[in-house]
Amino acid sequence: MSNRFILTLLALLLSGGAQAQYPNRNVTMLVPYAAGGPTDTVARVTAQAMGKPLGQTIVVENRPSAGGILAPETIKNAKPDGYNILIHHIGMATTPALYRQLRFNPLADFDYIGLINDVPMTIIARQNIPAKDFKEFLAYIKANKDKVSYANAGIGAASHLCGMLFMSAIQTDVLTVPYKGTAPAMNDLLGGTVDFMCDQTTNTTTQIKAGKVKVYGVTSAKRVPSLPEVPTMIEQGLKDFEVGIWHALYAPKGTPKDVIDKLVAALQVAVKDADVNKRFADLGATAYPADKATPAALQAHLKAEIDKWGPIIKKAGVYAD
């Protein structure tokens, strides 16, 4: 038996052993938006819960950028070994229609892990806006459309999509102020620099309950258990106005199946965890059942969402460079 054969066999055995031990160090979860925002909140809850069955810490790392495209680009080019994964929301489905020269393909450049949760959104405004209810709020916007400002987390963000649909539904355009993430947008709303925004309940519930902002409606088909007194937009006359923001996990294309299987198993433990479900529920979010925390379910959902939102965005004529 030659030395070369022995060395090759040893290398294969060591490689297999290292693979079987995955993960043997920390895993990094990239978040496309700023720390403190709603996707960041979901990421930290999910990472903590997944780290337990994996036996390693999942480190949350924020890579904010306009439209949240930097983090997916980074993961696309990362080594496919399971140590770098991506959490993203509905933006993975809207970016193909929003960007003419997108440097990643959501359907072709990633391996799927699974769906995490579904989150309704809320229409909120600065605390000192004079409107007491949605009817007065709508009248206020229409009477001051040249002065009213709408904040969002950047082109392609969930808040941008919701705002675009809202302005279309009320047939009134207002000044749009994009930010590099939801947290800075919320800070300016709390400070009264901007007038209103549409944001996920994961980021607004605490502010609403503290009375720091005014709320005029939720975007789900039914009222949110954590905000039972807040009517839906549909109840208040905006027919079919429903926007749900979902989160999911992705890995670089080519990640070994056994590694994906371990990540899927950890995600399924997380979405069934009682503490995770309580934390999500407190924020108005609902964890997907374990049978949706799978690669196949995510792939089908992503394809359906791309098919749904692409024509709407193109019809609105909204594009980013």
# chains A, B, ... in the order shown; residues from 1 in each chain; ligands from 1
call {"tool": "residues_around", "arguments": {"residues": "range 26-29 of chain A", "least_positions_apart": "5", "cutoff": "6 Å", "atoms": "only C-alpha atoms", "output": "list of chain:residue names"}}
result
A:Gln56, A:Thr57, A:Ile58, A:Val59, A:Val60, A:Tyr83, A:Asn84, A:Ile85, A:Leu86
call {"tool": "residues_around", "arguments": {"residues": "range 239-251 of chain A", "least_positions_apart": "6", "cutoff": "7 Å", "atoms": "only C-alpha atoms", "output": "list in words"}}
result
Ile75, Gly82, Asn84, Ile85, Leu86, Ile87, His88, His89, Ile90, Phe110, Asp111, Tyr112, Ile113, Gly114, Leu115, Ile116, Asn117, Asp118, Val119, Pro120, Met121, Ala158, Cys162, Thr219, Ser220, Ala221 and Met233 of chain A
call {"tool": "write_last_selection", "arguments": {"atoms": "C-alpha atoms", "output": "mmCIF file, in the first residue's frame"}}
result
data_model
loop_
_atom_site.group_PDB
_atom_site.id
_atom_site.type_symbol
_atom_site.label_atom_id
_atom_site.label_comp_id
_atom_site.auth_asym_id
_atom_site.auth_seq_id
_atom_site.Cartn_x
_atom_site.Cartn_y
_atom_site.Cartn_z
ATOM 1 C CA ILE A 75 -24.180 34.359 1.724
ATOM 2 C CA GLY A 82 -23.063 25.504 7.163
ATOM 3 C CA ASN A 84 -22.779 31.074 7.457
ATOM 4 C CA ILE A 85 -26.552 31.212 7.030
ATOM 5 C CA LEU A 86 -29.046 33.925 6.123
ATOM 6 C CA ILE A 87 -32.296 35.044 7.665
ATOM 7 C CA HIS A 88 -34.503 37.145 5.403
ATOM 8 C CA HIS A 89 -38.133 38.115 5.070
ATOM 9 C CA ILE A 90 -40.466 38.792 2.162
ATOM 10 C CA PHE A 110 -29.250 29.288 -2.223
ATOM 11 C CA ASP A 111 -30.063 26.090 -0.421
ATOM 12 C CA TYR A 112 -33.212 26.295 1.663
ATOM 13 C CA ILE A 113 -33.558 25.569 5.378
ATOM 14 C CA GLY A 114 -37.145 26.509 6.191
ATOM 15 C CA LEU A 115 -39.819 29.016 7.158
ATOM 16 C CA ILE A 116 -39.733 30.574 10.629
ATOM 17 C CA ASN A 117 -42.749 32.770 11.273
ATOM 18 C CA ASP A 118 -45.435 34.991 9.842
ATOM 19 C CA VAL A 119 -45.777 38.573 11.032
ATOM 20 C CA PRO A 120 -48.609 41.073 10.430
ATOM 21 C CA MET A 121 -47.866 44.763 10.146
ATOM 22 C CA ALA A 158 -41.260 45.147 4.182
ATOM 23 C CA CYS A 162 -46.586 47.927 2.819
ATOM 24 C CA THR A 219 -52.644 44.421 8.028
ATOM 25 C CA SER A 220 -53.750 40.855 8.792
ATOM 26 C CA ALA A 221 -57.083 39.328 7.787
ATOM 27 C CA MET A 233 -57.427 47.631 7.613
#
call {"tool": "closest_residue", "arguments": {"among": "A:Gly91, A:Pro252, A:Gly36, A:Gly237", "to": "Thr74 in chain A", "atoms": "only C-alpha atoms"}}
result
A:Pro252
call {"tool": "closest_residue", "arguments": {"among": "A:Val213, A:Val177, A:Leu263, A:Met167", "to": "Thr46 in chain A", "atoms": "only C-alpha atoms"}}
result
A:Leu263
call {"tool": "select_by_dssp", "arguments": {"residues": "range 48-278 of chain A", "states": "strand (DSSP E)", "output": "VMD selection string"}}
result
chain A and resid 58 to 62 84 to 88 110 to 126 149 to 152 175 to 178 196 to 200 213 to 218 244 to 252
call {"tool": "residues_around", "arguments": {"residues": "Asp261 in chain A", "least_positions_apart": "5", "cutoff": "10 Å", "atoms": "only C-alpha atoms", "output": "PyMOL selection string"}}
result
chain A and resi 113+256+266-267+294-295
call {"tool": "write_last_selection", "arguments": {"atoms": "N, CA and C atoms", "output": "short mmCIF file (atom, residue, chain, number, x, y, z; two decimals), in the first residue's frame"}}
result
data_model
loop_
_atom_site.label_atom_id
_atom_site.label_comp_id
_atom_site.auth_asym_id
_atom_site.auth_seq_id
_atom_site.Cartn_x
_atom_site.Cartn_y
_atom_site.Cartn_z
N ILE A 113 -33.48 26.21 4.06
CA ILE A 113 -33.56 25.57 5.38
C ILE A 113 -35.01 25.47 5.81
N PRO A 256 -23.59 20.79 2.09
CA PRO A 256 -23.87 19.35 2.17
C PRO A 256 -25.24 19.05 2.79
N ALA A 266 -32.72 21.62 13.79
CA ALA A 266 -32.61 22.65 14.84
C ALA A 266 -33.71 23.69 14.69
N LEU A 267 -34.03 24.06 13.45
CA LEU A 267 -35.10 25.03 13.21
C LEU A 267 -36.44 24.45 13.66
N THR A 294 -39.12 23.50 6.56
CA THR A 294 -38.41 22.54 5.72
C THR A 294 -37.97 23.20 4.42
N PRO A 295 -36.95 22.66 3.76
CA PRO A 295 -36.50 23.21 2.48
C PRO A 295 -37.60 23.22 1.42
#
call {"tool": "residues_around", "arguments": {"residues": "Val218 in chain A", "least_positions_apart": "3", "cutoff": "12 Å", "atoms": "only C-alpha atoms", "output": "number ranges by chain"}}
result
A: 119-124, 134, 162, 166, 198-201, 204-205, 208, 215, 221-236, 238, 241-244, 284
call {"tool": "atom_distance", "arguments": {"atom1": "CA of Phe137 in chain A", "atom2": "CA of Ile155 in chain A"}}
result
24.6 Å
call {"tool": "decode", "arguments": {"residues": "range 50-192 of chain A", "atoms": "C-alpha atoms", "output": "PDB file, in the first residue's frame"}}
result
ATOM      1  CA  MET A  50     -31.495  26.741  17.368  1.00  0.00           C
ATOM      2  CA  GLY A  51     -28.169  26.919  19.153  1.00  0.00           C
ATOM      3  CA  LYS A  52     -29.336  24.511  21.862  1.00  0.00           C
ATOM      4  CA  PRO A  53     -29.926  21.415  19.686  1.00  0.00           C
ATOM      5  CA  LEU A  54     -26.880  22.270  17.559  1.00  0.00           C
ATOM      6  CA  GLY A  55     -24.692  22.493  20.637  1.00  0.00           C
ATOM      7  CA  GLN A  56     -23.072  25.699  19.386  1.00  0.00           C
ATOM      8  CA  THR A  57     -23.782  29.413  19.593  1.00  0.00           C
ATOM      9  CA  ILE A  58     -25.375  31.023  16.552  1.00  0.00           C
ATOM     10  CA  VAL A  59     -23.925  34.522  16.341  1.00  0.00           C
ATOM     11  CA  VAL A  60     -26.244  37.133  14.835  1.00  0.00           C
ATOM     12  CA  GLU A  61     -24.412  39.575  12.577  1.00  0.00           C
ATOM     13  CA  ASN A  62     -26.126  42.591  11.013  1.00  0.00           C
ATOM     14  CA  ARG A  63     -25.297  43.571   7.426  1.00  0.00           C
ATOM     15  CA  PRO A  64     -27.696  46.447   6.730  1.00  0.00           C
ATOM     16  CA  SER A  65     -27.919  47.901   3.249  1.00  0.00           C
ATOM     17  CA  ALA A  66     -30.472  49.542   0.978  1.00  0.00           C
ATOM     18  CA  GLY A  67     -33.127  46.966   0.221  1.00  0.00           C
ATOM     19  CA  GLY A  68     -31.366  44.345   2.323  1.00  0.00           C
ATOM     20  CA  ILE A  69     -29.376  42.985  -0.620  1.00  0.00           C
ATOM     21  CA  LEU A  70     -25.863  42.894   0.889  1.00  0.00           C
ATOM     22  CA  ALA A  71     -26.461  39.956   3.229  1.00  0.00           C
ATOM     23  CA  PRO A  72     -27.864  37.660   0.502  1.00  0.00           C
ATOM     24  CA  GLU A  73     -24.956  38.595  -1.777  1.00  0.00           C
ATOM     25  CA  THR A  74     -22.556  37.720   1.034  1.00  0.00           C
ATOM     26  CA  ILE A  75     -24.180  34.359   1.724  1.00  0.00           C
ATOM     27  CA  LYS A  76     -24.302  33.517  -1.978  1.00  0.00           C
ATOM     28  CA  ASN A  77     -20.506  33.842  -2.072  1.00  0.00           C
ATOM     29  CA  ALA A  78     -19.818  32.257   1.315  1.00  0.00           C
ATOM     30  CA  LYS A  79     -18.231  28.836   1.740  1.00  0.00           C
ATOM     31  CA  PRO A  80     -21.030  26.241   1.684  1.00  0.00           C
ATOM     32  CA  ASP A  81     -20.129  24.545   4.947  1.00  0.00           C
ATOM     33  CA  GLY A  82     -23.063  25.504   7.163  1.00  0.00           C
ATOM     34  CA  TYR A  83     -21.196  28.082   9.214  1.00  0.00           C
ATOM     35  CA  ASN A  84     -22.779  31.074   7.457  1.00  0.00           C
ATOM     36  CA  ILE A  85     -26.552  31.212   7.030  1.00  0.00           C
ATOM     37  CA  LEU A  86     -29.046  33.925   6.123  1.00  0.00           C
ATOM     38  CA  ILE A  87     -32.296  35.044   7.665  1.00  0.00           C
ATOM     39  CA  HIS A  88     -34.503  37.145   5.403  1.00  0.00           C
ATOM     40  CA  HIS A  89     -38.133  38.115   5.070  1.00  0.00           C
ATOM     41  CA  ILE A  90     -40.466  38.792   2.162  1.00  0.00           C
ATOM     42  CA  GLY A  91     -37.681  40.883   0.625  1.00  0.00           C
ATOM     43  CA  MET A  92     -36.265  37.694  -0.907  1.00  0.00           C
ATOM     44  CA  ALA A  93     -39.440  37.547  -3.014  1.00  0.00           C
ATOM     45  CA  THR A  94     -39.655  41.230  -3.936  1.00  0.00           C
ATOM     46  CA  THR A  95     -36.051  42.010  -4.889  1.00  0.00           C
ATOM     47  CA  PRO A  96     -36.201  40.270  -8.315  1.00  0.00           C
ATOM     48  CA  ALA A  97     -38.881  42.747  -9.402  1.00  0.00           C
ATOM     49  CA  LEU A  98     -37.344  45.758  -7.647  1.00  0.00           C
ATOM     50  CA  TYR A  99     -33.757  45.487  -8.907  1.00  0.00           C
ATOM     51  CA  ARG A 100     -32.821  45.525 -12.584  1.00  0.00           C
ATOM     52  CA  GLN A 101     -29.300  44.250 -11.904  1.00  0.00           C
ATOM     53  CA  LEU A 102     -29.657  42.002  -8.874  1.00  0.00           C
ATOM     54  CA  ARG A 103     -26.455  40.076  -8.153  1.00  0.00           C
ATOM     55  CA  PHE A 104     -28.193  37.004  -6.766  1.00  0.00           C
ATOM     56  CA  ASN A 105     -31.105  34.800  -7.773  1.00  0.00           C
ATOM     57  CA  PRO A 106     -33.308  33.852  -4.784  1.00  0.00           C
ATOM     58  CA  LEU A 107     -34.479  30.685  -6.531  1.00  0.00           C
ATOM     59  CA  ALA A 108     -31.123  29.481  -7.866  1.00  0.00           C
ATOM     60  CA  ASP A 109     -28.299  30.695  -5.630  1.00  0.00           C
ATOM     61  CA  PHE A 110     -29.250  29.288  -2.223  1.00  0.00           C
ATOM     62  CA  ASP A 111     -30.063  26.090  -0.421  1.00  0.00           C
ATOM     63  CA  TYR A 112     -33.212  26.295   1.663  1.00  0.00           C
ATOM     64  CA  ILE A 113     -33.558  25.569   5.378  1.00  0.00           C
ATOM     65  CA  GLY A 114     -37.145  26.509   6.191  1.00  0.00           C
ATOM     66  CA  LEU A 115     -39.819  29.016   7.158  1.00  0.00           C
ATOM     67  CA  ILE A 116     -39.733  30.574  10.629  1.00  0.00           C
ATOM     68  CA  ASN A 117     -42.749  32.770  11.273  1.00  0.00           C
ATOM     69  CA  ASP A 118     -45.435  34.991   9.842  1.00  0.00           C
ATOM     70  CA  VAL A 119     -45.777  38.573  11.032  1.00  0.00           C
ATOM     71  CA  PRO A 120     -48.609  41.073  10.430  1.00  0.00           C
ATOM     72  CA  MET A 121     -47.866  44.763  10.146  1.00  0.00           C
ATOM     73  CA  THR A 122     -49.335  47.897  11.686  1.00  0.00           C
ATOM     74  CA  ILE A 123     -49.990  51.397  10.414  1.00  0.00           C
ATOM     75  CA  ILE A 124     -48.538  53.678  13.079  1.00  0.00           C
ATOM     76  CA  ALA A 125     -47.929  57.417  13.384  1.00  0.00           C
ATOM     77  CA  ARG A 126     -46.068  59.878  15.574  1.00  0.00           C
ATOM     78  CA  GLN A 127     -47.660  60.224  18.981  1.00  0.00           C
ATOM     79  CA  ASN A 128     -48.756  63.853  18.532  1.00  0.00           C
ATOM     80  CA  ILE A 129     -50.510  63.483  15.176  1.00  0.00           C
ATOM     81  CA  PRO A 130     -54.024  64.970  15.625  1.00  0.00           C
ATOM     82  CA  ALA A 131     -56.079  62.104  14.143  1.00  0.00           C
ATOM     83  CA  LYS A 132     -57.877  60.019  16.781  1.00  0.00           C
ATOM     84  CA  ASP A 133     -58.913  57.091  14.520  1.00  0.00           C
ATOM     85  CA  PHE A 134     -58.313  55.740  11.031  1.00  0.00           C
ATOM     86  CA  LYS A 135     -61.086  57.824   9.454  1.00  0.00           C
ATOM     87  CA  GLU A 136     -59.532  61.024  10.796  1.00  0.00           C
ATOM     88  CA  PHE A 137     -56.045  59.769   9.906  1.00  0.00           C
ATOM     89  CA  LEU A 138     -57.070  59.178   6.308  1.00  0.00           C
ATOM     90  CA  ALA A 139     -58.637  62.632   6.130  1.00  0.00           C
ATOM     91  CA  TYR A 140     -55.478  64.147   7.626  1.00  0.00           C
ATOM     92  CA  ILE A 141     -53.255  62.488   5.002  1.00  0.00           C
ATOM     93  CA  LYS A 142     -55.439  63.603   2.102  1.00  0.00           C
ATOM     94  CA  ALA A 143     -55.641  67.176   3.421  1.00  0.00           C
ATOM     95  CA  ASN A 144     -51.869  67.369   3.992  1.00  0.00           C
ATOM     96  CA  LYS A 145     -50.491  65.098   1.267  1.00  0.00           C
ATOM     97  CA  ASP A 146     -47.851  67.654   0.265  1.00  0.00           C
ATOM     98  CA  LYS A 147     -46.529  67.812   3.832  1.00  0.00           C
ATOM     99  CA  VAL A 148     -47.036  64.323   5.261  1.00  0.00           C
ATOM    100  CA  SER A 149     -43.980  62.031   5.293  1.00  0.00           C
ATOM    101  CA  TYR A 150     -43.812  58.243   5.298  1.00  0.00           C
ATOM    102  CA  ALA A 151     -40.767  56.416   6.675  1.00  0.00           C
ATOM    103  CA  ASN A 152     -39.551  53.024   5.499  1.00  0.00           C
ATOM    104  CA  ALA A 153     -36.498  50.804   5.971  1.00  0.00           C
ATOM    105  CA  GLY A 154     -35.306  51.195   2.380  1.00  0.00           C
ATOM    106  CA  ILE A 155     -36.319  50.050  -1.092  1.00  0.00           C
ATOM    107  CA  GLY A 156     -37.455  46.457  -0.995  1.00  0.00           C
ATOM    108  CA  ALA A 157     -37.970  46.395   2.757  1.00  0.00           C
ATOM    109  CA  ALA A 158     -41.260  45.147   4.182  1.00  0.00           C
ATOM    110  CA  SER A 159     -42.153  48.658   5.311  1.00  0.00           C
ATOM    111  CA  HIS A 160     -41.561  49.945   1.780  1.00  0.00           C
ATOM    112  CA  LEU A 161     -43.837  47.307   0.267  1.00  0.00           C
ATOM    113  CA  CYS A 162     -46.586  47.927   2.819  1.00  0.00           C
ATOM    114  CA  GLY A 163     -46.386  51.684   2.342  1.00  0.00           C
ATOM    115  CA  MET A 164     -46.531  51.338  -1.429  1.00  0.00           C
ATOM    116  CA  LEU A 165     -49.690  49.226  -1.198  1.00  0.00           C
ATOM    117  CA  PHE A 166     -51.211  51.564   1.390  1.00  0.00           C
ATOM    118  CA  MET A 167     -50.735  54.664  -0.752  1.00  0.00           C
ATOM    119  CA  SER A 168     -52.153  52.791  -3.725  1.00  0.00           C
ATOM    120  CA  ALA A 169     -55.171  51.677  -1.681  1.00  0.00           C
ATOM    121  CA  ILE A 170     -55.991  55.202  -0.491  1.00  0.00           C
ATOM    122  CA  GLN A 171     -55.071  56.686  -3.892  1.00  0.00           C
ATOM    123  CA  THR A 172     -52.828  59.286  -2.302  1.00  0.00           C
ATOM    124  CA  ASP A 173     -49.062  59.635  -2.648  1.00  0.00           C
ATOM    125  CA  VAL A 174     -46.993  61.265   0.076  1.00  0.00           C
ATOM    126  CA  LEU A 175     -43.317  62.002   0.602  1.00  0.00           C
ATOM    127  CA  THR A 176     -41.408  58.765   1.200  1.00  0.00           C
ATOM    128  CA  VAL A 177     -38.322  58.851   3.417  1.00  0.00           C
ATOM    129  CA  PRO A 178     -36.131  55.718   3.108  1.00  0.00           C
ATOM    130  CA  TYR A 179     -33.755  54.664   5.887  1.00  0.00           C
ATOM    131  CA  LYS A 180     -31.058  52.016   6.219  1.00  0.00           C
ATOM    132  CA  GLY A 181     -33.159  49.809   8.444  1.00  0.00           C
ATOM    133  CA  THR A 182     -36.307  49.947  10.545  1.00  0.00           C
ATOM    134  CA  ALA A 183     -34.614  50.991  13.789  1.00  0.00           C
ATOM    135  CA  PRO A 184     -33.464  54.430  12.543  1.00  0.00           C
ATOM    136  CA  ALA A 185     -36.853  54.951  10.879  1.00  0.00           C
ATOM    137  CA  MET A 186     -38.605  54.173  14.156  1.00  0.00           C
ATOM    138  CA  ASN A 187     -36.279  56.516  16.038  1.00  0.00           C
ATOM    139  CA  ASP A 188     -37.244  59.392  13.760  1.00  0.00           C
ATOM    140  CA  LEU A 189     -40.929  58.512  14.060  1.00  0.00           C
ATOM    141  CA  LEU A 190     -40.651  58.566  17.857  1.00  0.00           C
ATOM    142  CA  GLY A 191     -38.869  61.903  17.590  1.00  0.00           C
ATOM    143  CA  GLY A 192     -41.568  63.347  15.333  1.00  0.00           C
TER     144      GLY A 192
END
